[in-house]
Amino acid sequence: MTPGIRPLVAGNWKMNGTSASLNELRMIGNGFMSGLDAETEALVCVPATLLHQAAEILSRTPVRAGGEDCHPKESGAYTGEISAEMLKDAGASHVIVGHSERREQCGDNDSIVHAKASAAWRAGLVAIICIGEKRAEREAGATLDVLSRQLDGSVPPSATAANTIIAYEPVWAIGTGLTPTAADVAEAHAHIRGKLTALLGDAAARMRILYGGSVKPSNAVELLGVENVDGALVGGASLKAADFLAIAEAYMNMS
Ligand SMILES: O=C[C@H](O)COP(=O)(O)O
């Protein structure tokens, strides 16, 4: 946690969920209506097919709905793509850009992620910019260099604490059940804070830096209690309301 920064617990449903899954979202919304929102902010990023319904369901709760990716352009001949403006129109408040699955599977490099973050701001969305090292990079001792390079390339200079959130997600920890040690998370997040300060100046002090990668109720207290960890980006465990709410409750246990 960082003193003065209200934590954010964000879900990322990835390519999971149909309208039948919206009941989990209702339960997440209801859970935050019963007091959790005093401790944390919450967001669930859902597939574009569910976004309009998700935003409508969550509109009566403190939880917000977000998109999982956007195209850099506002509109045009880009079959199958979705612009930040379309996400905003469907009810999104945030959009994830540069998730490692997009970087690995869809060719999203730092310069594309940079353009997508700018597109998010153009549409009035908060950009959640993801960075993180691969297993081989960690084993080679290159983690901090990789994070610096990704921040240099992906974060536009006009990023502020209001329009940008950074998510540190070690690629090898995503969906694997493996997590870095608390000391490793602390080192990475301190490095990210320092690099952001060098890039953005004062704006970095209050910018949220989330941890993502196999966060679940059983490890949330340890991972989210680390200095400079200002919340979580949760994949698999965000699909079950009980797990997502239990992760958010981890913050209550710390305060
Ligand atoms: O965006 C979320 C991350 O990829 C983490 O996914 P996970 O919690 O299933 O490991």
# chains A, B, ... in the order shown; residues from 1 in each chain; ligands from 1
>>> residues_near_ligand(ligand="ligand 1", cutoff="10 Å", atoms="only C-alpha atoms and all ligand atoms", output="PyMOL selection string")
chain A and resi 10-14+45+68+96+99-101+130+167-179+211-216+232-239
>>> write_last_selection(atoms="C-alpha atoms", output="short mmCIF file (atom, residue, chain, number, x, y, z; two decimals), in the first residue's frame")
data_model
loop_
_atom_site.label_atom_id
_atom_site.label_comp_id
_atom_site.auth_asym_id
_atom_site.auth_seq_id
_atom_site.Cartn_x
_atom_site.Cartn_y
_atom_site.Cartn_z
CA ALA A 10 -9.65 -4.60 -10.73
CA GLY A 11 -10.88 -7.76 -12.41
CA ASN A 12 -10.03 -8.87 -15.92
CA TRP A 13 -12.40 -11.49 -17.26
CA LYS A 14 -10.30 -11.99 -20.43
CA CYS A 45 -13.04 -5.33 -17.10
CA GLU A 68 -9.90 -5.16 -21.94
CA ILE A 96 -6.55 -2.25 -20.03
CA HIS A 99 -1.69 -6.85 -21.27
CA SER A 100 1.01 -9.49 -21.77
CA GLU A 101 -1.49 -11.71 -23.59
CA CYS A 130 0.41 -3.44 -18.14
CA ALA A 167 -0.20 -2.89 -13.60
CA TYR A 168 2.91 -4.96 -12.90
CA GLU A 169 2.21 -8.51 -14.01
CA PRO A 170 5.14 -10.94 -14.18
CA VAL A 171 4.19 -12.99 -17.25
CA TRP A 172 5.26 -16.24 -15.60
CA ALA A 173 2.86 -15.61 -12.70
CA ILE A 174 -0.26 -15.14 -14.83
CA GLY A 175 -2.69 -18.02 -14.53
CA THR A 176 0.01 -20.34 -13.21
CA GLY A 177 -0.55 -20.24 -9.47
CA LEU A 178 3.07 -19.06 -9.12
CA THR A 179 3.77 -15.72 -7.49
CA TYR A 211 0.13 -6.15 -8.87
CA GLY A 212 -1.30 -8.91 -11.08
CA GLY A 213 -0.53 -12.60 -11.47
CA SER A 214 -2.26 -15.44 -9.59
CA VAL A 215 -3.77 -13.15 -6.96
CA LYS A 216 -6.30 -15.12 -4.93
CA ALA A 232 -4.55 -5.82 -7.79
CA LEU A 233 -5.36 -6.78 -11.35
CA VAL A 234 -7.10 -10.11 -10.92
CA GLY A 235 -7.74 -12.58 -13.72
CA GLY A 236 -9.15 -16.01 -12.88
CA ALA A 237 -10.28 -15.13 -9.37
CA SER A 238 -12.37 -12.22 -10.68
CA LEU A 239 -14.73 -14.66 -12.38
#
>>> select_by_dssp(residues="stretch 106-204 of chain A", states="alpha helix (DSSP H)", output="MDAnalysis selection string")
chainID A and resid 110:122 135:139 143:154 182:200
>>> select_by_dssp(residues="stretch 18-143 of chain A", states="strand (DSSP E)", output="JSON, numbers by chain")
{"A": [41, 42, 43, 44, 45, 64, 65, 66, 67, 94, 95, 96, 97, 126, 127, 128, 129, 130, 131]}
>>> atom_distance(atom1="atom CA of A:Arg206", atom2="atom CA of A:Arg102")
26.9 Å
>>> residues_around(residues="A:Ala84", least_positions_apart="5", cutoff="7 Å", atoms="only C-alpha atoms", output="ChimeraX atom specification")
/A:70-71,74,119-120,123
>>> write_last_selection(atoms="N, CA and C atoms", output="short mmCIF file (atom, residue, chain, number, x, y, z; two decimals), in the first residue's frame")
data_model
loop_
_atom_site.label_atom_id
_atom_site.label_comp_id
_atom_site.auth_asym_id
_atom_site.auth_seq_id
_atom_site.Cartn_x
_atom_site.Cartn_y
_atom_site.Cartn_z
N CYS A 70 -8.22 -1.66 -26.53
CA CYS A 70 -8.87 -0.77 -27.50
C CYS A 70 -7.93 -0.58 -28.68
N HIS A 71 -8.50 -0.14 -29.78
CA HIS A 71 -7.70 0.20 -30.97
C HIS A 71 -7.20 1.64 -30.81
N GLU A 74 -9.93 6.19 -33.62
CA GLU A 74 -11.29 6.44 -33.12
C GLU A 74 -12.33 5.64 -33.89
N ALA A 119 -5.17 6.85 -26.83
CA ALA A 119 -6.55 6.70 -27.33
C ALA A 119 -7.52 6.62 -26.16
N ALA A 120 -7.13 5.92 -25.12
CA ALA A 120 -8.00 5.82 -23.93
C ALA A 120 -8.29 7.21 -23.38
N ALA A 123 -10.68 9.35 -25.34
CA ALA A 123 -12.09 8.98 -25.15
C ALA A 123 -12.58 9.27 -23.73
#
>>> closest_atom_pairs(of="stretch 207-254 of chain A", to="stretch 141-165 of chain A", cutoff="12 Å", atoms="only C-alpha atoms", output="Markdown table")
| residue | atom | partner | partner_atom | distance |
| --- | --- | --- | --- | --- |
| A:Met207 | CA | A:Ala161 | CA | 4.1 |
| A:Arg208 | CA | A:Ile165 | CA | 5.2 |
| A:Ile209 | CA | A:Ile165 | CA | 6.1 |
| A:Leu210 | CA | A:Ile165 | CA | 7.5 |
| A:Tyr211 | CA | A:Ile165 | CA | 10.9 |
| A:Val229 | CA | A:Ile165 | CA | 11.5 |
| A:Asp230 | CA | A:Ile165 | CA | 9.6 |
| A:Gly231 | CA | A:Ile165 | CA | 10.1 |
| A:Ala232 | CA | A:Ile165 | CA | 10.9 |
| A:Leu233 | CA | A:Ile165 | CA | 10.6 |
>>> atom_distance(atom1="atom CA of A:Arg6", atom2="atom CA of A:Glu39")
7.3 Å
>>> closest_residue(among="A:Ile131, A:Leu25, A:Leu51, A:Leu43", to="A:His94", atoms="only C-alpha atoms")
A:Leu43
>>> atom_distance(atom1="atom CA of A:Ser21", atom2="atom CA of A:Leu125")
24.4 Å
>>> closest_residue(among="A:Ser59, A:Thr49, A:Thr18, A:Thr79", to="A:Met33", atoms="only C-alpha atoms")
A:Ser59
>>> residues_around(residues="A:Glu222", least_positions_apart="2", cutoff="10 Å", atoms="only C-alpha atoms", output="list in words")
Thr181, Ala182, Val215, Pro217, Ser218, Asn219, Ala220, Leu224, Gly225, Val226, Ala250 and Met254 of chain A
>>> write_last_selection(atoms="N, CA and C atoms", output="mmCIF file, in the first residue's frame")
data_model
loop_
_atom_site.group_PDB
_atom_site.id
_atom_site.type_symbol
_atom_site.label_atom_id
_atom_site.label_comp_id
_atom_site.auth_asym_id
_atom_site.auth_seq_id
_atom_site.Cartn_x
_atom_site.Cartn_y
_atom_site.Cartn_z
ATOM 1 N N THR A 181 8.020 -13.617 -4.656
ATOM 2 C CA THR A 181 8.042 -13.386 -3.208
ATOM 3 C C THR A 181 7.642 -11.931 -2.943
ATOM 4 N N ALA A 182 7.223 -11.680 -1.712
ATOM 5 C CA ALA A 182 6.878 -10.303 -1.349
ATOM 6 C C ALA A 182 8.079 -9.383 -1.573
ATOM 7 N N VAL A 215 -3.245 -13.666 -8.226
ATOM 8 C CA VAL A 215 -3.770 -13.145 -6.956
ATOM 9 C C VAL A 215 -5.031 -13.923 -6.618
ATOM 10 N N PRO A 217 -7.649 -15.209 -2.905
ATOM 11 C CA PRO A 217 -7.916 -14.841 -1.512
ATOM 12 C C PRO A 217 -6.801 -15.276 -0.562
ATOM 13 N N SER A 218 -6.181 -16.429 -0.842
ATOM 14 C CA SER A 218 -5.195 -16.953 0.106
ATOM 15 C C SER A 218 -3.873 -16.185 0.100
ATOM 16 N N ASN A 219 -3.558 -15.449 -0.973
ATOM 17 C CA ASN A 219 -2.281 -14.723 -0.979
ATOM 18 C C ASN A 219 -2.459 -13.204 -1.030
ATOM 19 N N ALA A 220 -3.729 -12.767 -1.035
ATOM 20 C CA ALA A 220 -3.975 -11.335 -1.248
ATOM 21 C C ALA A 220 -3.380 -10.478 -0.135
ATOM 22 N N LEU A 224 -0.790 -7.799 -1.388
ATOM 23 C CA LEU A 224 -1.320 -6.437 -1.446
ATOM 24 C C LEU A 224 -0.818 -5.577 -0.295
ATOM 25 N N GLY A 225 -0.203 -6.226 0.691
ATOM 26 C CA GLY A 225 0.353 -5.465 1.800
ATOM 27 C C GLY A 225 1.733 -4.907 1.525
ATOM 28 N N VAL A 226 2.294 -5.252 0.375
ATOM 29 C CA VAL A 226 3.652 -4.821 0.055
ATOM 30 C C VAL A 226 3.665 -3.318 -0.254
ATOM 31 N N ALA A 250 -9.216 -8.188 1.664
ATOM 32 C CA ALA A 250 -7.847 -8.249 2.204
ATOM 33 C C ALA A 250 -7.394 -6.864 2.642
ATOM 34 N N MET A 254 -6.059 -4.971 6.475
ATOM 35 C CA MET A 254 -4.776 -4.259 6.648
ATOM 36 C C MET A 254 -4.969 -2.912 7.290
#
>>> closest_residue(among="A:Pro180, A:Gly201, A:Gly35, A:Gly91", to="A:Ala248", atoms="only C-alpha atoms")
A:Gly35
>>> residues_around(residues="A:Ile57", least_positions_apart="4", cutoff="9 Å", atoms="only C-alpha atoms", output="PyMOL selection string")
chain A and resi 22+25-26+29+52-53+61
>>> write_last_selection(atoms="C-alpha atoms", output="compact mmCIF listing (two decimals), in the first residue's frame")
# COMPACT_ATOMS: atom_id res chain seq x y z
CA LEU A 22 -23.58 -11.47 -15.21
CA LEU A 25 -21.16 -9.29 -11.50
CA ARG A 26 -24.40 -8.53 -9.67
CA GLY A 29 -21.73 -5.03 -7.13
CA HIS A 52 -23.06 -2.51 -21.97
CA GLN A 53 -24.99 -4.89 -19.71
CA THR A 61 -23.16 0.14 -7.26
>>> closest_residue(among="A:Gly80, A:Gly31, A:Gly194, A:Gly66", to="A:Phe244", atoms="only C-alpha atoms")
A:Gly31
>>> closest_residue(among="A:Pro72, A:Gly98, A:Gly124, A:Gly107", to="A:Ile166", atoms="only C-alpha atoms")
A:Gly98
